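Below is target.cif, holding mmCIF, C-alpha atoms.
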data_start
#
loop_
_atom_site.label_atom_id
_atom_site.label_comp_id
_atom_site.auth_asym_id
_atom_site.auth_seq_id
_atom_site.Cartn_x
_atom_site.Cartn_y
_atom_site.Cartn_z
CA MET A 17 0.00 0.00 0.00
CA SER A 18 2.62 2.56 1.09
CA GLY A 19 4.88 1.56 -1.82
CA THR A 20 2.09 2.39 -4.29
CA ALA A 21 1.21 5.60 -2.50
CA LYS A 22 4.85 6.66 -2.52
CA ASP A 23 5.18 5.97 -6.25
CA ASN A 24 1.97 7.85 -7.02
CA ILE A 25 3.07 10.86 -4.99
CA LEU A 26 6.58 10.87 -6.49
CA ALA A 27 5.12 10.73 -10.00
CA PHE A 28 2.87 13.71 -9.21
CA VAL A 29 5.72 15.81 -7.79
CA ARG A 30 8.12 14.88 -10.62
CA GLY A 31 5.40 15.68 -13.17
CA ARG A 32 5.15 19.23 -11.85
CA TYR A 33 8.89 19.78 -11.42
CA PRO A 34 10.48 17.82 -14.28
CA GLN A 35 13.68 19.89 -14.11
CA ALA A 36 14.46 18.76 -10.55
CA GLU A 37 15.86 15.40 -9.50
CA ILE A 38 13.54 14.30 -6.74
CA ASP A 39 13.78 11.05 -4.81
CA GLU A 40 11.59 9.67 -2.05
CA SER A 41 13.56 11.22 0.79
CA GLN A 42 14.18 14.59 -0.88
CA ASP A 43 12.77 17.54 1.11
CA ILE A 44 10.86 19.23 -1.71
CA PHE A 45 10.33 22.44 0.28
CA ALA A 46 14.11 22.75 0.71
CA LEU A 47 14.51 22.92 -3.09
CA GLY A 48 13.45 26.55 -2.99
CA PHE A 49 10.95 26.63 -5.84
CA VAL A 50 8.05 24.82 -4.17
CA ASN A 51 5.57 27.41 -2.91
CA SER A 52 2.49 27.25 -0.71
CA LEU A 53 0.23 26.93 -3.76
CA PHE A 54 1.89 23.63 -4.62
CA ALA A 55 1.54 22.56 -1.00
CA MET A 56 -2.21 23.05 -1.37
CA GLU A 57 -2.21 21.07 -4.63
CA LEU A 58 -0.42 18.23 -2.83
CA VAL A 59 -3.16 18.13 -0.20
CA MET A 60 -5.88 18.09 -2.89
CA PHE A 61 -4.05 15.41 -4.89
CA ILE A 62 -3.54 13.13 -1.89
CA GLU A 63 -7.12 13.49 -0.65
CA LYS A 64 -8.57 12.81 -4.10
CA THR A 65 -6.21 9.98 -5.07
CA PHE A 66 -6.42 8.06 -1.80
CA GLY A 67 -10.00 8.94 -0.85
CA ILE A 68 -9.09 10.43 2.53
CA THR A 69 -9.68 13.74 4.28
CA ILE A 70 -6.62 15.07 6.05
CA PRO A 71 -7.67 16.45 9.46
CA ASN A 72 -6.64 20.00 10.38
CA ASP A 73 -4.03 18.90 12.93
CA GLU A 74 -2.26 16.82 10.24
CA LEU A 75 -2.09 19.79 7.83
CA ARG A 76 1.53 20.60 8.68
CA ILE A 77 4.38 21.14 6.23
CA ASP A 78 6.39 18.42 8.03
CA ASN A 79 3.90 15.82 6.80
CA PHE A 80 4.48 16.92 3.19
CA ARG A 81 8.25 17.41 2.98
CA THR A 82 9.12 14.13 1.30
CA ALA A 83 7.34 11.39 -0.67
CA ASN A 84 8.16 9.11 2.28
CA SER A 85 6.49 11.35 4.83
CA MET A 86 3.42 11.82 2.60
CA ALA A 87 3.13 8.04 2.08
CA GLU A 88 3.35 7.56 5.86
CA LEU A 89 0.57 10.09 6.35
CA VAL A 90 -1.61 8.30 3.79
CA SER A 91 -0.95 4.94 5.43
CA ARG A 92 -1.72 6.30 8.92
CA LEU A 93 -4.98 7.97 7.81
CA SER A 94 -6.08 4.94 5.75
CA LEU A 95 -5.57 2.70 8.78
CA ALA A 96 -7.51 5.12 10.98
CA THR A 97 -10.39 5.09 8.47
CA ALA A 98 -10.32 1.27 8.22
CA ALA A 99 -10.38 0.91 12.00
CA MET B 14 -25.30 44.03 12.45
CA ALA B 15 -25.22 45.36 8.91
CA VAL B 16 -25.02 42.84 6.12
CA ILE B 17 -22.51 43.17 3.30
CA GLY B 18 -23.63 41.87 -0.09
CA VAL B 19 -21.07 40.04 -2.22
CA ILE B 20 -22.18 39.72 -5.84
CA GLY B 21 -20.53 37.03 -7.95
CA ALA B 22 -19.20 33.81 -6.37
CA GLY B 23 -16.18 33.26 -8.61
CA VAL B 24 -12.54 33.41 -7.49
CA MET B 25 -12.74 37.03 -6.27
CA GLY B 26 -16.23 36.85 -4.74
CA VAL B 27 -15.26 33.75 -2.77
CA GLY B 28 -12.16 35.53 -1.44
CA VAL B 29 -14.04 38.73 -0.54
CA ALA B 30 -16.82 36.79 1.23
CA GLN B 31 -14.28 34.75 3.22
CA ASN B 32 -12.28 37.87 4.16
CA LEU B 33 -15.44 39.67 5.34
CA ALA B 34 -16.69 36.69 7.37
CA GLN B 35 -13.23 36.12 8.89
CA THR B 36 -13.24 39.73 10.13
CA GLY B 37 -16.65 39.36 11.77
CA HIS B 38 -19.00 40.67 9.06
CA ASP B 39 -22.31 39.08 8.11
CA VAL B 40 -22.32 38.35 4.39
CA VAL B 41 -24.91 37.48 1.77
CA LEU B 42 -23.17 35.85 -1.19
CA VAL B 43 -25.15 36.19 -4.44
CA ASP B 44 -24.86 34.54 -7.84
CA LYS B 45 -27.14 33.42 -10.64
CA ASP B 46 -27.71 29.81 -9.57
CA GLU B 47 -27.59 27.51 -6.55
CA ALA B 48 -24.93 25.16 -7.96
CA ILE B 49 -22.37 27.99 -8.22
CA LEU B 50 -23.15 29.03 -4.64
CA ASP B 51 -22.83 25.50 -3.26
CA ASP B 52 -19.49 25.17 -4.98
CA ALA B 53 -18.41 28.57 -3.60
CA LEU B 54 -19.22 27.57 -0.01
CA ALA B 55 -17.21 24.35 -0.45
CA LYS B 56 -14.26 26.42 -1.73
CA ILE B 57 -14.50 28.83 1.22
CA TRP B 58 -14.58 25.94 3.68
CA ASN B 59 -11.50 24.41 2.04
CA ASN B 60 -9.61 27.74 1.84
CA CYS B 61 -10.25 28.33 5.56
CA ARG B 62 -9.05 24.83 6.41
CA MET B 63 -5.85 25.45 4.41
CA SER B 64 -5.18 28.93 5.79
CA ARG B 65 -2.62 28.04 8.44
CA PHE B 66 -0.96 25.42 6.21
CA MET B 67 -0.51 28.14 3.54
CA GLY B 68 1.27 30.43 6.01
CA GLY B 69 -1.77 32.47 7.09
CA PRO B 70 -3.67 32.60 10.39
CA ALA B 71 -5.58 29.59 11.74
CA VAL B 72 -9.20 29.97 10.59
CA ASP B 73 -12.20 27.98 11.81
CA PRO B 74 -14.09 27.02 8.59
CA ASP B 75 -17.40 26.44 10.39
CA ALA B 76 -17.29 29.84 12.14
CA VAL B 77 -16.66 31.55 8.77
CA LEU B 78 -19.47 29.70 7.00
CA ALA B 79 -21.85 30.52 9.87
CA ARG B 80 -21.58 34.20 8.88
CA ILE B 81 -22.35 33.63 5.19
CA THR B 82 -25.81 33.19 3.71
CA THR B 83 -26.42 32.77 -0.01
CA GLY B 84 -29.06 33.96 -2.46
CA VAL B 85 -29.88 33.85 -6.16
CA GLY B 86 -30.37 37.12 -8.06
CA ALA B 87 -29.85 40.79 -7.16
CA ALA B 88 -32.94 40.87 -4.89
CA ALA B 89 -31.02 38.74 -2.36
CA ALA B 90 -28.75 41.75 -1.72
CA ALA B 91 -31.64 44.22 -1.25
CA LYS B 92 -30.96 44.75 2.47
CA ALA B 93 -27.19 45.11 2.22
CA GLU B 94 -25.61 48.32 3.52
CA ILE B 95 -22.70 47.93 1.13
CA VAL B 96 -22.54 45.68 -1.92
CA ILE B 97 -19.22 44.46 -3.31
CA GLU B 98 -19.61 43.35 -6.92
CA ASN B 99 -17.19 40.77 -8.38
CA VAL B 100 -18.75 39.61 -11.66
CA PRO B 101 -16.51 39.02 -14.73
CA GLU B 102 -14.71 41.97 -16.35
CA ASP B 103 -17.21 41.98 -19.20
CA TRP B 104 -19.01 45.28 -19.68
CA ASP B 105 -22.31 43.74 -20.85
CA VAL B 106 -22.42 41.51 -17.76
CA LYS B 107 -21.52 44.36 -15.38
CA ARG B 108 -24.08 46.73 -16.94
CA GLU B 109 -26.88 44.19 -16.50
CA VAL B 110 -25.89 43.42 -12.91
CA TYR B 111 -25.77 47.13 -11.95
CA ALA B 112 -29.18 47.82 -13.47
CA ALA B 113 -30.61 44.96 -11.37
CA LEU B 114 -28.82 46.03 -8.17
CA ASP B 115 -29.89 49.65 -8.62
CA ALA B 116 -33.52 48.54 -8.86
CA GLU B 117 -33.35 46.20 -5.84
CA CYS B 118 -31.15 47.97 -3.27
CA GLY B 119 -32.10 50.90 -1.04
CA PRO B 120 -30.99 54.42 -2.05
CA ASP B 121 -28.32 54.51 0.67
CA THR B 122 -26.58 51.29 -0.37
CA VAL B 123 -23.01 51.81 -1.58
CA PHE B 124 -21.91 49.85 -4.64
CA VAL B 125 -18.27 48.80 -4.56
CA VAL B 126 -17.00 47.81 -7.99
CA ASN B 127 -14.28 45.18 -7.58
CA THR B 128 -12.55 45.64 -10.88
CA SER B 129 -9.00 45.76 -12.10
CA ALA B 130 -9.78 47.59 -15.31
CA ILE B 131 -13.22 49.10 -15.88
CA PRO B 132 -13.53 52.86 -15.19
CA ILE B 133 -15.67 53.51 -12.10
CA THR B 134 -17.33 56.59 -13.61
CA LYS B 135 -18.59 54.43 -16.49
CA VAL B 136 -20.17 51.95 -14.05
CA ALA B 137 -21.65 54.77 -11.94
CA ALA B 138 -23.33 56.23 -15.05
CA VAL B 139 -25.62 53.20 -15.48
CA THR B 140 -27.00 53.60 -11.94
CA GLY B 141 -29.22 56.28 -10.41
CA ARG B 142 -26.68 56.78 -7.59
CA PRO B 143 -23.33 57.83 -9.09
CA ASP B 144 -22.36 59.43 -5.74
CA ARG B 145 -22.63 56.00 -4.07
CA VAL B 146 -20.47 54.03 -6.50
CA ILE B 147 -16.76 53.49 -5.82
CA GLY B 148 -14.04 51.14 -7.05
CA VAL B 149 -11.89 48.81 -4.97
CA HIS B 150 -9.39 46.58 -6.73
CA PHE B 151 -8.85 43.58 -4.43
CA MET B 152 -5.86 41.33 -5.08
CA ASN B 153 -6.05 37.53 -5.29
CA PRO B 154 -6.14 35.59 -2.97
CA VAL B 155 -8.16 38.28 -1.17
CA PRO B 156 -7.77 37.12 2.48
CA ALA B 157 -3.97 36.92 2.09
CA LYS B 158 -3.34 40.23 0.30
CA PRO B 159 -3.15 43.22 2.66
CA THR B 160 -3.41 46.07 0.13
CA VAL B 161 -6.06 47.24 -2.38
CA GLU B 162 -6.42 50.09 -4.86
CA LEU B 163 -9.21 52.54 -3.87
CA ILE B 164 -10.75 54.44 -6.78
CA PRO B 165 -13.46 57.10 -6.36
CA GLY B 166 -15.36 57.87 -9.58
CA TYR B 167 -16.05 61.38 -10.89
CA HIS B 168 -19.25 61.79 -8.82
CA THR B 169 -18.35 59.64 -5.77
CA SER B 170 -19.22 61.50 -2.54
CA PRO B 171 -16.81 61.97 0.40
CA ASP B 172 -19.30 60.03 2.56
CA THR B 173 -19.09 57.03 0.21
CA VAL B 174 -15.28 57.18 0.30
CA ALA B 175 -15.36 57.32 4.12
CA ARG B 176 -17.78 54.38 4.46
CA THR B 177 -15.70 52.30 2.07
CA ARG B 178 -12.46 53.16 3.88
CA ASP B 179 -14.02 52.11 7.19
CA LEU B 180 -15.08 48.76 5.75
CA LEU B 181 -11.63 48.17 4.23
CA THR B 182 -9.94 48.98 7.54
CA ALA B 183 -12.27 46.55 9.31
CA MET B 184 -11.31 43.90 6.72
CA GLY B 185 -7.63 44.46 7.54
CA LYS B 186 -6.85 46.18 4.25
CA LYS B 187 -4.62 49.15 3.48
CA ALA B 188 -5.92 51.30 0.61
CA VAL B 189 -3.72 52.95 -2.02
CA ASP B 190 -5.56 55.94 -3.55
CA VAL B 191 -5.75 56.05 -7.33
CA LYS B 192 -7.67 58.39 -9.63
CA ASP B 193 -10.27 56.85 -11.93
CA SER B 194 -8.60 55.66 -15.10
CA CYS B 195 -8.89 52.39 -17.02
CA GLY B 196 -6.54 49.79 -15.48
CA PHE B 197 -5.58 52.05 -12.51
CA ILE B 198 -1.94 51.46 -11.52
CA SER B 199 -1.76 47.69 -11.30
CA ASN B 200 -3.29 46.54 -14.59
CA ARG B 201 -1.81 49.34 -16.68
CA ILE B 202 1.57 47.84 -15.83
CA SER B 203 0.97 44.15 -15.06
CA HIS B 204 -1.17 43.38 -18.11
CA VAL B 205 1.43 44.77 -20.47
CA PHE B 206 3.93 42.24 -19.13
CA PHE B 207 1.38 39.38 -18.89
CA ASN B 208 0.50 40.01 -22.54
CA GLU B 209 4.12 40.39 -23.65
CA ALA B 210 5.09 37.22 -21.75
CA ALA B 211 2.35 35.37 -23.69
CA TYR B 212 3.79 36.79 -26.94
CA LEU B 213 7.23 35.37 -26.08
CA VAL B 214 5.69 31.90 -25.75
CA TYR B 215 3.45 32.42 -28.82
CA GLU B 216 6.44 33.41 -30.95
CA GLY B 217 8.52 30.50 -29.67
CA VAL B 218 11.17 32.81 -28.23
CA ALA B 219 10.99 31.23 -24.77
CA THR B 220 9.06 28.63 -22.78
CA ALA B 221 6.69 29.65 -19.98
CA GLU B 222 9.23 28.19 -17.51
CA ALA B 223 12.01 30.39 -18.92
CA VAL B 224 9.92 33.57 -18.81
CA ASP B 225 8.90 32.93 -15.21
CA GLU B 226 12.46 32.02 -14.20
CA VAL B 227 13.73 35.43 -15.38
CA PHE B 228 11.09 37.23 -13.32
CA ARG B 229 11.83 35.16 -10.21
CA SER B 230 15.58 34.90 -10.38
CA CYS B 231 16.55 38.15 -12.12
CA PHE B 232 13.83 40.56 -10.97
CA GLY B 233 13.16 39.02 -7.56
CA HIS B 234 9.39 38.64 -8.08
CA PRO B 235 7.94 35.81 -5.94
CA MET B 236 6.12 34.48 -9.03
CA GLY B 237 6.59 34.90 -12.79
CA PRO B 238 3.90 36.45 -15.02
CA LEU B 239 2.69 33.22 -16.62
CA GLU B 240 2.27 31.26 -13.39
CA THR B 241 0.49 34.35 -12.09
CA ALA B 242 -1.72 34.36 -15.21
CA ASP B 243 -2.61 30.73 -14.42
CA LEU B 244 -3.52 31.77 -10.88
CA ILE B 245 -5.65 34.75 -11.94
CA GLY B 246 -7.17 32.90 -14.91
CA VAL B 247 -6.02 33.19 -18.53
CA ASP B 248 -9.57 34.17 -19.57
CA THR B 249 -9.62 36.96 -16.98
CA ILE B 250 -6.25 38.25 -18.20
CA LEU B 251 -7.57 38.31 -21.79
CA TYR B 252 -10.72 40.24 -20.79
CA SER B 253 -8.65 42.79 -18.91
CA VAL B 254 -6.20 43.27 -21.79
CA GLU B 255 -9.17 43.70 -24.15
CA VAL B 256 -10.66 46.33 -21.84
CA LEU B 257 -7.38 48.30 -21.92
CA TYR B 258 -7.12 47.91 -25.70
CA GLU B 259 -10.65 49.13 -26.31
CA HIS B 260 -10.52 51.94 -23.78
CA TYR B 261 -7.24 53.53 -24.90
CA SER B 262 -7.46 52.51 -28.59
CA ASP B 263 -3.74 51.96 -28.25
CA SER B 264 -1.98 49.08 -30.04
CA LYS B 265 0.43 48.60 -27.14
CA TYR B 266 -2.42 46.64 -25.47
CA ARG B 267 -3.18 44.40 -28.48
CA PRO B 268 -4.16 41.02 -26.98
CA CYS B 269 -1.83 38.11 -27.80
CA PRO B 270 -3.68 35.56 -30.01
CA LEU B 271 -2.40 32.79 -27.73
CA LEU B 272 -4.44 34.20 -24.82
CA ARG B 273 -7.55 34.11 -27.02
CA GLN B 274 -6.89 30.55 -28.20
CA MET B 275 -6.22 29.30 -24.66
CA THR B 276 -9.43 30.97 -23.47
CA ASP B 277 -11.45 29.32 -26.27
CA ALA B 278 -9.79 25.95 -25.59
CA GLY B 279 -10.63 26.02 -21.86
CA LEU B 280 -6.97 26.37 -20.81
CA HIS B 281 -7.83 28.94 -18.15
CA GLY B 282 -5.08 28.04 -15.66
CA ARG B 283 -5.34 26.48 -12.21
CA LYS B 284 -9.13 26.66 -12.09
CA THR B 285 -9.50 24.35 -15.13
CA GLY B 286 -6.40 22.24 -14.40
CA ARG B 287 -4.38 23.55 -17.35
CA GLY B 288 -3.07 26.88 -18.55
CA PHE B 289 0.55 27.75 -19.30
CA TYR B 290 1.28 24.85 -16.94
CA ASN B 291 -0.46 21.53 -16.35
CA TYR B 292 -1.97 21.04 -12.86
CA ASN B 293 -3.46 17.60 -13.42
CA GLY B 294 -0.28 15.70 -12.46
#

Take the structure in the file and give it back as structure tokens.
Amino acid sequence: MSGTAKDNILAFVRGRYPQAEIDESQDIFALGFVNSLFAMELVMFIEKTFGITIPNDELRIDNFRTANSMAELVSRLSLATAA
Amino acid sequence: MAVIGVIGAGVMGVGVAQNLAQTGHDVVLVDKDEAILDDALAKIWNNCRMSRFMGGPAVDPDAVLARITTGVGAAAAAKAEIVIENVPEDWDVKREVYAALDAECGPDTVFVVNTSAIPITKVAAVTGRPDRVIGVHFMNPVPAKPTVELIPGYHTSPDTVARTRDLLTAMGKKAVDVKDSCGFISNRISHVFFNEAAYLVYEGVATAEAVDEVFRSCFGHPMGPLETADLIGVDTILYSVEVLYEHYSDSKYRPCPLLRQMTDAGLHGRKTGRGFYNYNG
């Protein structure tokens, strides 16, 4: 599950920033060209793709820094929904 | 407490309504059908939820929505003390909306024209209250932008200016005074470079990425003109350039054919998922 989520998220980020070399542990906000508008797009993309609603207290930049951290968030929220 | 009418529930109307509700005002949000209004409320809820994540203040979405009611047609704004109009920058649309508002609202209601291009005196002339019509050019996204252009028309009364200033202050806005003139300060300058940036892409001189990179890295702008065009809406940019072109009859504002083609093709920017950039992943 998290492998698929990670791949999906990486593909989305790479699609928007094809000029950057981005791997799963790369802090995309540290690259300098990712702005808050893209952060919002990431939230929308993740909610739509994985059918989850990210609660307000999880809407923190730290959860969105890397493909790994986003996949972890998806996994955690999917488990919470399933339970 | 007095109600503020917000006419038009597009990008700007949604931002104005949210800003007003966040600063404790009761709002009636008006558009031409229920589906647009439902969609607008969902956008406001989402924008409030995202506020802190986007670097703004923490905003309670439910508290904001509790201050906003909706209505279809100009009659829904009949009781508003001040009406802020945000319909598209299309003169035929604006003229029709102002005729309807003038017929429905009380004689004391102030009409605030939220426009980036259309002369305020021209709007005032189609109403029976030219002393109570004034322009405010809000920036997008409205809740996050602290400054507006404030434009009295030829007949605007000092009382109307004072009431509008008070509302803007209560909304947390600083007003820059500008005399009435098509495009004011912001669009007279910005739309020349939006349009010229589109020409560079149209002529194959540079990619959208290259144009934006020069603005960010060389000029120090936080965003380049074409990513900004995608944020504002390519169709909106085209309408505003056309307004300048028609008003001044000056070829320096000739609209780039690429803007027209993108508008016809539905490539309106972020709001349709594609513009100069692709937002669909």

Determine, counting all atoms listed in the file, which protein, DNA and RNA residues have an atom within 8 Å of an atom of A:Gln42; residues of the same chain fewer than 5 positions away are not included. Present the result as a PDB file with C-alpha atoms, in the coordinates of the input.
ATOM      1  CA  ARG A  81       8.250  17.410   2.980  1.00  0.00           C
ATOM      2  CA  THR A  82       9.120  14.130   1.300  1.00  0.00           C
ATOM      3  CA  ALA A  83       7.340  11.390  -0.670  1.00  0.00           C
TER       4      ALA A  83
END

**OP:** Write out as a PyMOL selection string which residues come within 10 Å of A:Gly31 when counting all atoms listed in the file, dropping same-chain ones fewer than 6 positions away.
**Re:** (chain A and resi 25) or (chain B and resi 291-294)

Per residue of chain A within 12 Å of chain B, record the nearest atom pair and its distance in Å to one decimal, counting all atoms listed in the file, with rows in chain order and ascending residue number, as JSON lines.
{"residue": "A:Asn24", "atom": "CA", "partner": "B:Gly294", "partner_atom": "CA", "distance": 9.8}
{"residue": "A:Ile25", "atom": "CA", "partner": "B:Gly294", "partner_atom": "CA", "distance": 9.5}
{"residue": "A:Leu26", "atom": "CA", "partner": "B:Gly294", "partner_atom": "CA", "distance": 10.3}
{"residue": "A:Ala27", "atom": "CA", "partner": "B:Gly294", "partner_atom": "CA", "distance": 7.7}
{"residue": "A:Phe28", "atom": "CA", "partner": "B:Gly294", "partner_atom": "CA", "distance": 4.9}
{"residue": "A:Val29", "atom": "CA", "partner": "B:Gly294", "partner_atom": "CA", "distance": 7.6}
{"residue": "A:Arg30", "atom": "CA", "partner": "B:Gly294", "partner_atom": "CA", "distance": 8.6}
{"residue": "A:Gly31", "atom": "CA", "partner": "B:Gly294", "partner_atom": "CA", "distance": 5.7}
{"residue": "A:Arg32", "atom": "CA", "partner": "B:Gly294", "partner_atom": "CA", "distance": 6.5}
{"residue": "A:Tyr33", "atom": "CA", "partner": "B:Gly294", "partner_atom": "CA", "distance": 10.1}
{"residue": "A:Pro34", "atom": "CA", "partner": "B:Glu222", "partner_atom": "CA", "distance": 10.9}
{"residue": "A:Gln35", "atom": "CA", "partner": "B:Glu222", "partner_atom": "CA", "distance": 10.0}
{"residue": "A:Gly48", "atom": "CA", "partner": "B:Pro235", "partner_atom": "CA", "distance": 11.2}
{"residue": "A:Phe49", "atom": "CA", "partner": "B:Arg229", "partner_atom": "CA", "distance": 9.6}
{"residue": "A:Val50", "atom": "CA", "partner": "B:Met236", "partner_atom": "CA", "distance": 11.0}
{"residue": "A:Asn51", "atom": "CA", "partner": "B:Met67", "partner_atom": "CA", "distance": 8.9}
{"residue": "A:Ser52", "atom": "CA", "partner": "B:Met67", "partner_atom": "CA", "distance": 5.3}
{"residue": "A:Leu53", "atom": "CA", "partner": "B:Met67", "partner_atom": "CA", "distance": 7.4}
{"residue": "A:Phe54", "atom": "CA", "partner": "B:Tyr292", "partner_atom": "CA", "distance": 9.5}
{"residue": "A:Ala55", "atom": "CA", "partner": "B:Met67", "partner_atom": "CA", "distance": 7.5}
{"residue": "A:Met56", "atom": "CA", "partner": "B:Met63", "partner_atom": "CA", "distance": 7.2}
{"residue": "A:Glu57", "atom": "CA", "partner": "B:Tyr292", "partner_atom": "CA", "distance": 8.2}
{"residue": "A:Leu58", "atom": "CA", "partner": "B:Gly294", "partner_atom": "CA", "distance": 10.0}
{"residue": "A:Val59", "atom": "CA", "partner": "B:Met63", "partner_atom": "CA", "distance": 9.1}
{"residue": "A:Met60", "atom": "CA", "partner": "B:Asn59", "partner_atom": "CA", "distance": 9.8}
{"residue": "A:Phe61", "atom": "CA", "partner": "B:Gly294", "partner_atom": "CA", "distance": 8.5}
{"residue": "A:Ile62", "atom": "CA", "partner": "B:Gly294", "partner_atom": "CA", "distance": 11.4}
{"residue": "A:Lys64", "atom": "CA", "partner": "B:Asn293", "partner_atom": "CA", "distance": 11.7}
{"residue": "A:Thr65", "atom": "CA", "partner": "B:Gly294", "partner_atom": "CA", "distance": 11.1}
{"residue": "A:Thr69", "atom": "CA", "partner": "B:Asn59", "partner_atom": "CA", "distance": 11.1}
{"residue": "A:Ile70", "atom": "CA", "partner": "B:Arg62", "partner_atom": "CA", "distance": 10.1}
{"residue": "A:Pro71", "atom": "CA", "partner": "B:Arg62", "partner_atom": "CA", "distance": 9.0}
{"residue": "A:Asn72", "atom": "CA", "partner": "B:Arg62", "partner_atom": "CA", "distance": 6.7}
{"residue": "A:Asp73", "atom": "CA", "partner": "B:Phe66", "partner_atom": "CA", "distance": 9.9}
{"residue": "A:Glu74", "atom": "CA", "partner": "B:Phe66", "partner_atom": "CA", "distance": 9.6}
{"residue": "A:Leu75", "atom": "CA", "partner": "B:Phe66", "partner_atom": "CA", "distance": 6.0}
{"residue": "A:Arg76", "atom": "CA", "partner": "B:Phe66", "partner_atom": "CA", "distance": 6.0}
{"residue": "A:Ile77", "atom": "CA", "partner": "B:Phe66", "partner_atom": "CA", "distance": 6.8}
{"residue": "A:Asp78", "atom": "CA", "partner": "B:Phe66", "partner_atom": "CA", "distance": 10.3}
{"residue": "A:Asn79", "atom": "CA", "partner": "B:Phe66", "partner_atom": "CA", "distance": 10.8}
{"residue": "A:Phe80", "atom": "CA", "partner": "B:Phe66", "partner_atom": "CA", "distance": 10.5}

Original post:
Which value, in Å to one decimal, gives the distance between atom CA of A:Ala46 and atom CA of B:Gly69?
Top reply: 19.7 Å

Subject >> Chain and number of each residue from the PyMOL selection byres ((chain B and resi 191) around 8), as a ChimeraX atom specification >> reply: /B:162-165,189-190,192-193,197-198

Please produce, as CSV, a per-residue contact table for stretch 185-256 of chain B versus stretch 262-266 of chain B (criterion: any atom at most 12 Å away, all atoms listed in the file considered), showing the nearest atom pair and its distance in Å to one decimal, sorted by chain then residue number.
residue,atom,partner,partner_atom,distance
B:Cys195,CA,B:Ser262,CA,11.7
B:Gly196,CA,B:Tyr266,CA,11.3
B:Asn200,CA,B:Tyr266,CA,10.9
B:Arg201,CA,B:Tyr266,CA,9.2
B:Ile202,CA,B:Tyr266,CA,10.5
B:Ser203,CA,B:Tyr266,CA,11.2
B:His204,CA,B:Tyr266,CA,8.1
B:Val205,CA,B:Tyr266,CA,6.6
B:Phe206,CA,B:Tyr266,CA,10.0
B:Phe207,CA,B:Tyr266,CA,10.5
B:Asn208,CA,B:Tyr266,CA,7.8
B:Glu209,CA,B:Tyr266,CA,9.2
B:Tyr212,CA,B:Tyr266,CA,11.7
B:Ile250,CA,B:Tyr266,CA,11.7
B:Leu251,CA,B:Tyr266,CA,10.5
B:Tyr252,CA,B:Tyr266,CA,11.5
B:Ser253,CA,B:Tyr266,CA,9.8
B:Val254,CA,B:Tyr266,CA,6.3
B:Glu255,CA,B:Tyr266,CA,7.5
B:Val256,CA,B:Tyr266,CA,9.0

All file atoms of stretch 74-86 of chain A boxed axis-aligned, 8 Å per side, centre plus edges, as JSON:
{"center_x": 3.4, "center_y": 15.1, "center_z": 4.8, "size_x": 27.4, "size_y": 28.0, "size_z": 26.9}

To verify the selection step, state as a JSON list (two decimals) with C-alpha atoms, in the frame of the given file which residues the PyMOL selection byres ((chain B and resi 58) around 8) yields on this input.
[["chain", "number", "residue", "atom", "x", "y", "z"],
["B", 54, "LEU", "CA", -19.22, 27.57, -0.01],
["B", 55, "ALA", "CA", -17.21, 24.35, -0.45],
["B", 56, "LYS", "CA", -14.26, 26.42, -1.73],
["B", 57, "ILE", "CA", -14.50, 28.83, 1.22],
["B", 59, "ASN", "CA", -11.50, 24.41, 2.04],
["B", 60, "ASN", "CA", -9.61, 27.74, 1.84],
["B", 61, "CYS", "CA", -10.25, 28.33, 5.56],
["B", 62, "ARG", "CA", -9.05, 24.83, 6.41],
["B", 74, "PRO", "CA", -14.09, 27.02, 8.59],
["B", 75, "ASP", "CA", -17.40, 26.44, 10.39],
["B", 77, "VAL", "CA", -16.66, 31.55, 8.77],
["B", 78, "LEU", "CA", -19.47, 29.70, 7.00]]

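In this comparison, which uses only C-alpha atoms, the residue of A:Phe45, A:Asn84, A:Thr20, A:Val90 approaching A:Gly67 most closely is A:Val90.
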
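Across A:Ser94, A:Glu88, A:Asp23, A:Glu63, the tightest approach to A:Glu40 is made by A:Asp23 when counting all atoms listed in the file.
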
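The two atoms in question, atom CA of B:Ile49 and atom CA of B:Lys284, are spaced 13.9 Å apart.
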
Original post:
Mind telling me what the PyMOL selection byres ((chain B and resi 114) around 9) catches here, as a PyMOL selection string?
Top reply: chain B and resi 87-88+90-91+96+109-113+115-118+124+140

**OP:** Counting all atoms listed in the file, note down every residue that has an atom within 10 Å of the point (-1.7, 44.4, 0.6) (file coordinates), as a ChimeraX atom specification.
**Re:** /B:151-152,155-162,185-189
